[in-house]
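Shown here: structure06.tsv, TSV, C-alpha atoms.
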```tsv
chain	number	residue	atom	x	y	z
A	1	VAL	CA	7.01	-9.80	-0.18
A	2	ARG	CA	8.51	-6.51	-1.32
A	3	SER	CA	9.01	-5.22	-4.84
A	4	PRO	CA	11.00	-2.23	-6.11
A	5	ASP	CA	7.77	-0.19	-6.03
A	6	THR	CA	6.89	-1.08	-2.43
A	7	PRO	CA	8.76	1.85	-0.77
A	8	THR	CA	6.78	4.32	-2.89
A	9	TYR	CA	3.63	3.09	-1.12
A	10	LEU	CA	5.06	2.58	2.36
A	11	GLY	CA	6.59	6.08	2.46
A	12	PRO	CA	3.29	7.92	1.94
A	13	ALA	CA	1.52	5.51	4.30
A	14	ARG	CA	4.05	6.33	7.03
A	15	ALA	CA	3.64	10.02	6.23
A	16	LEU	CA	-0.13	9.73	6.74
A	17	ILE	CA	0.49	8.19	10.17
A	18	ASP	CA	3.37	10.35	11.42
A	19	ALA	CA	2.75	13.68	9.71
A	20	ALA	CA	-0.94	13.56	8.67
A	21	ARG	CA	-0.02	14.41	5.08
A	22	PHE	CA	0.32	12.55	1.78
A	23	SER	CA	3.97	13.13	1.03
A	24	VAL	CA	6.96	11.14	-0.16
A	25	SER	CA	7.82	10.08	3.40
A	26	PRO	CA	7.43	11.28	6.99
A	27	THR	CA	10.74	13.13	6.72
A	28	ASP	CA	10.25	14.43	3.18
A	29	PRO	CA	7.33	16.89	2.88
A	30	THR	CA	7.37	16.80	-0.92
A	31	PRO	CA	3.76	16.04	-1.98
A	32	MET	CA	3.46	12.56	-3.42
A	33	PHE	CA	2.40	12.84	-7.05
A	34	VAL	CA	3.63	9.57	-8.53
A	35	ARG	CA	1.25	7.44	-6.43
A	36	THR	CA	-2.45	7.82	-5.75
A	37	PRO	CA	-3.61	7.65	-2.10
A	38	GLY	CA	-5.81	4.55	-2.25
A	39	TYR	CA	-3.31	1.83	-1.41
A	40	PRO	CA	-1.29	3.91	1.11
A	41	ALA	CA	-4.60	4.69	2.84
A	42	PHE	CA	-5.16	0.93	3.15
A	43	LEU	CA	-1.66	0.39	4.50
A	44	ALA	CA	-1.77	3.24	7.02
A	45	PRO	CA	-4.20	1.73	9.58
A	46	VAL	CA	-2.42	-1.63	9.39
A	47	LEU	CA	0.94	0.01	10.09
A	48	TRP	CA	-0.57	2.26	12.75
A	49	LEU	CA	-2.08	-0.69	14.62
A	50	THR	CA	0.84	-3.13	14.27
A	51	ASP	CA	3.88	-1.02	13.33
A	52	SER	CA	4.95	-4.01	11.26
A	53	GLU	CA	5.13	-4.63	7.53
A	54	TRP	CA	4.69	-8.33	8.26
A	55	ALA	CA	1.05	-7.70	9.21
A	56	ILE	CA	0.21	-6.37	5.76
A	57	SER	CA	0.32	-9.70	3.92
A	58	PRO	CA	-2.18	-11.46	6.27
A	59	MET	CA	-4.49	-8.46	5.96
A	60	GLN	CA	-4.24	-8.61	2.18
A	61	ALA	CA	-4.94	-12.34	2.31
A	62	ALA	CA	-8.12	-11.57	4.25
A	63	VAL	CA	-9.05	-8.98	1.64
A	64	SER	CA	-8.51	-11.55	-1.10
A	65	ALA	CA	-10.76	-13.99	0.76
A	66	LEU	CA	-13.40	-11.24	0.92
A	67	ALA	CA	-13.13	-10.84	-2.85
A	68	ALA	CA	-13.71	-14.57	-3.31
A	69	ALA	CA	-16.74	-14.46	-0.99
A	70	LEU	CA	-18.23	-11.58	-2.97
A	71	ILE	CA	-17.72	-13.51	-6.20
A	72	VAL	CA	-19.59	-16.48	-4.71
A	73	LEU	CA	-22.49	-14.23	-3.73
A	74	VAL	CA	-22.67	-12.53	-7.12
A	75	GLY	CA	-22.38	-15.83	-8.98
A	76	ARG	CA	-25.10	-17.35	-6.80
A	77	ARG	CA	-27.49	-14.48	-7.52
A	78	LEU	CA	-26.80	-14.43	-11.24
A	79	LEU	CA	-26.20	-18.06	-12.19
A	80	GLY	CA	-26.87	-20.23	-9.15
A	81	LEU	CA	-24.97	-21.62	-6.17
A	82	THR	CA	-22.85	-24.09	-8.14
A	83	ALA	CA	-21.62	-21.42	-10.51
A	84	GLY	CA	-20.91	-19.06	-7.62
A	85	LEU	CA	-18.90	-21.65	-5.70
A	86	ALA	CA	-16.96	-22.60	-8.83
A	87	ALA	CA	-16.09	-18.97	-9.54
A	88	GLY	CA	-15.02	-18.39	-5.94
A	89	ALA	CA	-12.87	-21.51	-6.01
A	90	LEU	CA	-11.17	-20.38	-9.21
A	91	VAL	CA	-10.26	-17.08	-7.58
A	92	MET	CA	-8.97	-18.74	-4.41
A	93	LEU	CA	-6.86	-21.20	-6.43
A	94	ASP	CA	-5.52	-18.63	-8.88
A	95	PRO	CA	-1.71	-18.58	-8.44
A	96	LEU	CA	-1.49	-14.90	-9.41
A	97	GLN	CA	-4.08	-13.97	-6.79
A	98	PHE	CA	-2.18	-16.00	-4.20
A	99	VAL	CA	1.08	-14.21	-5.01
A	100	ALA	CA	-0.62	-10.80	-5.13
A	101	SER	CA	-2.11	-11.22	-1.66
A	102	GLY	CA	1.39	-11.60	-0.21
A	103	THR	CA	3.07	-8.84	-2.21
A	104	LEU	CA	3.09	-5.25	-0.97
A	105	LEU	CA	1.52	-3.83	-4.11
A	106	THR	CA	-1.94	-2.66	-5.11
A	107	GLU	CA	-3.17	-5.87	-6.76
A	108	ALA	CA	-4.95	-7.44	-3.76
A	109	VAL	CA	-6.84	-4.27	-2.86
A	110	THR	CA	-7.59	-3.58	-6.53
A	111	THR	CA	-9.15	-7.03	-6.83
A	112	VAL	CA	-11.56	-6.59	-3.95
A	113	VAL	CA	-12.60	-3.12	-5.15
A	114	LEU	CA	-13.14	-4.45	-8.66
A	115	VAL	CA	-15.23	-7.34	-7.33
A	116	ALA	CA	-17.26	-4.87	-5.24
A	117	ILE	CA	-17.88	-2.88	-8.43
A	118	VAL	CA	-19.08	-6.08	-10.10
A	119	ALA	CA	-21.36	-6.87	-7.13
A	120	VAL	CA	-22.99	-3.44	-7.09
A	121	GLY	CA	-23.01	-3.41	-10.89
A	122	ALA	CA	-24.97	-6.67	-10.84
A	123	VAL	CA	-27.64	-4.96	-8.77
A	124	VAL	CA	-27.73	-1.93	-11.07
A	125	PHE	CA	-27.57	-3.74	-14.41
A	126	ALA	CA	-29.08	-7.17	-13.81
A	127	LEU	CA	-30.83	-7.90	-10.52
A	128	ARG	CA	-33.17	-4.91	-10.27
A	129	ASN	CA	-35.72	-3.57	-12.70
A	130	PRO	CA	-34.64	-0.08	-13.84
A	131	LYS	CA	-38.01	1.33	-12.75
A	132	ASP	CA	-37.57	-0.05	-9.22
A	133	LEU	CA	-33.93	0.93	-8.80
A	134	ARG	CA	-33.23	3.86	-6.49
A	135	SER	CA	-30.29	6.23	-6.71
A	136	MET	CA	-28.36	4.71	-3.79
A	137	PRO	CA	-26.93	1.67	-5.64
A	138	VAL	CA	-25.91	3.94	-8.53
A	139	LEU	CA	-24.28	6.34	-6.05
A	140	ALA	CA	-22.45	3.38	-4.46
A	141	LEU	CA	-21.27	2.26	-7.89
A	142	GLY	CA	-19.85	5.73	-8.55
A	143	ALA	CA	-18.14	5.79	-5.15
A	144	LEU	CA	-16.52	2.41	-5.74
A	145	VAL	CA	-15.28	3.42	-9.19
A	146	ALA	CA	-13.83	6.59	-7.65
A	147	VAL	CA	-12.05	4.55	-4.97
A	148	ALA	CA	-10.75	2.17	-7.64
A	149	ALA	CA	-9.22	5.09	-9.54
A	150	LEU	CA	-7.39	6.20	-6.39
A	151	VAL	CA	-6.09	2.67	-5.83
A	152	ARG	CA	-5.15	2.03	-9.45
A	153	PRO	CA	-5.00	5.03	-11.82
A	154	THR	CA	-5.87	2.86	-14.84
A	155	PHE	CA	-9.47	2.91	-13.58
A	156	TRP	CA	-9.60	6.60	-14.51
A	157	PHE	CA	-11.21	5.61	-17.85
A	158	TYR	CA	-13.98	3.48	-16.32
A	159	PRO	CA	-16.51	6.24	-15.55
A	160	VAL	CA	-16.98	7.17	-19.22
A	161	MET	CA	-17.79	3.57	-20.13
A	162	ILE	CA	-20.13	3.10	-17.17
A	163	VAL	CA	-21.99	6.35	-17.86
A	164	GLY	CA	-22.71	5.00	-21.35
A	165	LEU	CA	-23.96	1.71	-19.93
A	166	LEU	CA	-26.15	3.52	-17.41
A	167	ALA	CA	-27.63	5.69	-20.16
A	168	VAL	CA	-28.58	2.54	-22.07
A	169	ARG	CA	-29.91	0.82	-18.93
A	170	PHE	CA	-32.20	3.70	-17.97
A	171	ARG	CA	-33.07	4.89	-21.48
A	172	HIS	CA	-36.78	4.12	-21.09
A	173	LEU	CA	-37.15	6.15	-17.89
A	174	PRO	CA	-38.30	9.79	-17.91
A	175	ARG	CA	-35.52	12.22	-18.69
A	176	ARG	CA	-35.47	13.72	-15.21
A	177	VAL	CA	-35.11	10.27	-13.65
A	178	LEU	CA	-32.40	9.35	-16.15
A	179	ALA	CA	-30.52	12.56	-15.36
A	180	ALA	CA	-30.83	11.89	-11.62
A	181	ARG	CA	-29.41	8.37	-12.01
A	182	LEU	CA	-26.49	9.59	-14.10
A	183	LEU	CA	-25.81	12.41	-11.66
A	184	ALA	CA	-25.83	9.95	-8.76
A	185	PHE	CA	-23.01	8.05	-10.44
A	186	ILE	CA	-21.03	11.07	-11.64
A	187	LEU	CA	-21.15	13.00	-8.35
A	188	PRO	CA	-18.78	10.82	-6.25
A	189	VAL	CA	-16.46	10.39	-9.23
A	190	ALA	CA	-16.29	14.15	-9.77
A	191	VAL	CA	-15.79	14.89	-6.07
A	192	VAL	CA	-13.21	12.18	-5.30
A	193	VAL	CA	-11.28	11.85	-8.55
A	194	GLY	CA	-11.73	15.45	-9.60
A	195	GLY	CA	-10.76	16.59	-6.12
A	196	TRP	CA	-7.56	14.57	-6.28
A	197	GLN	CA	-6.70	15.96	-9.69
A	198	LEU	CA	-7.28	19.47	-8.31
A	199	ARG	CA	-4.92	18.64	-5.45
A	200	ASN	CA	-2.27	17.51	-7.93
A	201	HIS	CA	-2.72	20.66	-9.97
A	202	THR	CA	-2.28	22.75	-6.82
A	203	THR	CA	0.74	20.89	-5.46
A	204	ALA	CA	2.47	19.59	-8.61
A	205	GLY	CA	1.16	21.78	-11.40
A	206	SER	CA	-0.43	18.86	-13.26
A	207	TRP	CA	-4.03	17.76	-13.82
A	208	GLN	CA	-2.95	14.13	-14.10
A	209	LEU	CA	-4.41	11.67	-11.62
A	210	SER	CA	-0.91	10.29	-11.09
A	211	GLY	CA	2.58	11.00	-12.37
A	212	ILE	CA	3.46	7.34	-12.80
A	213	SER	CA	2.92	7.45	-16.58
A	214	SER	CA	5.58	10.14	-16.88
A	215	VAL	CA	7.96	8.09	-14.75
A	216	ASN	CA	7.37	5.02	-16.93
A	217	LEU	CA	7.93	7.07	-20.07
A	218	TYR	CA	11.20	8.50	-18.76
A	219	CYS	CA	12.60	5.35	-17.16
A	220	TYR	CA	11.38	2.62	-19.50
A	221	ASP	CA	10.21	4.06	-22.82
A	222	ALA	CA	12.43	7.10	-23.36
A	223	ALA	CA	15.12	5.14	-25.22
A	224	GLU	CA	12.58	3.68	-27.64
A	225	VAL	CA	11.02	7.09	-28.24
A	226	GLU	CA	14.47	8.57	-28.87
A	227	THR	CA	15.34	5.89	-31.41
A	228	MET	CA	12.05	6.38	-33.24
A	229	ASP	CA	12.63	10.13	-33.34
A	230	SER	CA	16.26	9.93	-34.45
A	231	GLY	CA	16.02	6.89	-36.71
A	232	ARG	CA	18.76	5.10	-34.77
A	233	THR	CA	18.55	1.60	-33.30
A	234	LEU	CA	18.80	0.37	-29.73
A	235	ASP	CA	21.82	-1.78	-30.61
A	236	VAL	CA	25.03	-0.66	-28.98
```

Could you express the structure from this file as structure tokens?
Amino acid sequence: VRSPDTPTYLGPARALIDAARFSVSPTDPTPMFVRTPGYPAFLAPVLWLTDSEWAISPMQAAVSALAAALIVLVGRRLLGLTAGLAAGALVMLDPLQFVASGTLLTEAVTTVVLVAIVAVGAVVFALRNPKDLRSMPVLALGALVAVAALVRPTFWFYPVMIVGLLAVRFRHLPRRVLAARLLAFILPVAVVVGGWQLRNHTTAGSWQLSGISSVNLYCYDAAEVETMDSGRTLDV
């Protein structure tokens, strides 16, 4: 199922395949700034292997099933098998999740990345003693949050919150160990998300992760802003 936003993801995905660049389309070399590369990077191998948009929905359905399986595993570890199965069933039967898996938008991929964050977060914050926890799960958590931000720019705010939670979780550890754990989380976020923002600054002159907020402001909110500024109403 397509939406009006679908071409803005398919174009960069085709550009990755045909021109090995993240641009508006294979024929337009303008660097893509409105969209982040996470979802087009998911689409690219599917299109490269099948050359068909029809193959994307089944792949997203499989991704959604993976999300449900991860929820079952996390629920089983935290609350027991019954709770895990019930949570997985709720996800599988959710009408919005069903629709999202068949729509060529970011929602299905965002869901599985978010569930992966929850799964690794359960290890970091609940299933392991802070003294026994190594840096690798924290590093994986940072990597997943970074990937989430490149799939859905609204995740850009997550690292600040998680750093605070990590500081509380490891507060009783020696300062050097605490600093190492925080650095393990921050490093992939800084490299991946910061690297993408540097790319945008180089190619588009903006430090924003994505230009979609500016597009939304111009296309959907500009009239309201103008009326507030001028004191006029939206009535014609």

List the neighbours of Ser57 (chain A) out to 7 Å using all atoms listed in the file; skip same-chain residues closer than 6 positions along the sequence, and give me the result as a CSV table (one decimal) with C-alpha atoms, keeping the file's coordinate frame.
```
chain,number,residue,atom,x,y,z
A,101,SER,CA,-2.1,-11.2,-1.7
A,102,GLY,CA,1.4,-11.6,-0.2
A,103,THR,CA,3.1,-8.8,-2.2
```

Nearest to Trp207 (chain A) by atom-to-atom distance, counting all atoms listed in the file, from A:Leu47, A:Val193, A:Leu105, A:Leu114:
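Checking each of A:Leu47, A:Val193, A:Leu105, A:Leu114 against Trp207 (chain A), counting all atoms listed in the file, the winner is A:Val193.
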
Select from region 171-224 of chain A every residue with an atom at most 9 Å from any atom of region 148-154 of chain A, then for each give the shortest pair of atoms and their distance in Å to one decimal, using only C-alpha atoms, rows by chain and rising number, as a tab-separated table.
```
residue	atom	partner	partner_atom	distance
A:Val189	CA	A:Ala149	CA	9.0
A:Val192	CA	A:Leu150	CA	8.4
A:Val193	CA	A:Ala149	CA	7.1
A:Trp196	CA	A:Leu150	CA	8.4
A:Leu209	CA	A:Pro153	CA	6.7
A:Ser210	CA	A:Pro153	CA	6.7
A:Ile212	CA	A:Pro153	CA	8.8
```

So that I have them on file, write out the residues from the current selection with C-alpha atoms, as a PDB file, in the frame of the given file.
```pdb
ATOM      1  CA  VAL A 189     -16.460  10.390  -9.230  1.00  0.00           C
ATOM      2  CA  VAL A 192     -13.210  12.180  -5.300  1.00  0.00           C
ATOM      3  CA  VAL A 193     -11.280  11.850  -8.550  1.00  0.00           C
ATOM      4  CA  TRP A 196      -7.560  14.570  -6.280  1.00  0.00           C
ATOM      5  CA  LEU A 209      -4.410  11.670 -11.620  1.00  0.00           C
ATOM      6  CA  SER A 210      -0.910  10.290 -11.090  1.00  0.00           C
ATOM      7  CA  ILE A 212       3.460   7.340 -12.800  1.00  0.00           C
TER       8      ILE A 212
END
```

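In this structure, CA of Leu182 (chain A) sits 17.8 Å away from CA of Val147 (chain A).
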
Hey, can you pull every residue with an atom no more than 8 Å from (-18.4, -14.1, -8.6), using only C-alpha atoms, and send it as number ranges by chain?
A: 68-76, 84, 87-88, 115, 119

Find the residues around Thr111 (chain A) up to 9 Å (all atoms listed in the file counted), leave out those fewer than 5 positions away in its own chain, and share them as a PDB file with C-alpha atoms, keeping the file's coordinate frame.
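Written out: out.pdb:
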```
ATOM      1  CA  VAL A  63      -9.050  -8.980   1.640  1.00  0.00           C
ATOM      2  CA  SER A  64      -8.510 -11.550  -1.100  1.00  0.00           C
ATOM      3  CA  ALA A  67     -13.130 -10.840  -2.850  1.00  0.00           C
ATOM      4  CA  GLN A  97      -4.080 -13.970  -6.790  1.00  0.00           C
ATOM      5  CA  THR A 106      -1.940  -2.660  -5.110  1.00  0.00           C
ATOM      6  CA  ALA A 116     -17.260  -4.870  -5.240  1.00  0.00           C
TER       7      ALA A 116
END
```

Option closest in space to Ala146 (chain A), from A:Leu10, A:Ile186, A:Val177, A:Ala167 [counting all atoms listed in the file]
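Counting all atoms listed in the file, the residue closest to Ala146 (chain A) is A:Ile186.
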
Close residues, Ile117 (chain A) itself excluded, 9 Å, only C-alpha atoms, min 4 positions apart in chain, as a ChimeraX atom specification:
/A:112-113,121-122,140-142,144-145,148

Using only C-alpha atoms, the shortest atom-to-atom distance to Ala180 (chain A) among A:Ser135, A:Ser214, A:Thr202, A:Ser3 belongs to A:Ser135

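CA of Trp156 (chain A) is positioned 19.8 Å from CA of Thr203 (chain A).
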
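Atom pair CA of Val34 (chain A) / CA of Ala55 (chain A) has a distance of 24.9 Å (rounded to one decimal).
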
Which one of A:Phe33, A:Phe125, A:Phe22, A:Phe42 sits closest to Leu104 (chain A) if you count only C-alpha atoms?
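Using only C-alpha atoms, the shortest distance to Leu104 (chain A) belongs to A:Phe42.
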
Choose the residue, out of A:Val24, A:Val215, A:Ala19, A:Met59, that has the smallest atom-to-atom separation from Pro7 (chain A); count all atoms listed in the file.
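Nearest to Pro7 (chain A): A:Val24.
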
Find the residues around Asp51 (chain A) up to 12 Å (all atoms listed in the file counted), leave out those fewer than 5 positions away in its own chain, and share them as a list in words.
Leu10, Ala13, Arg14, Ile17, Asp18, Leu43, Ala44, Pro45, Val46 and Ile56 of chain A
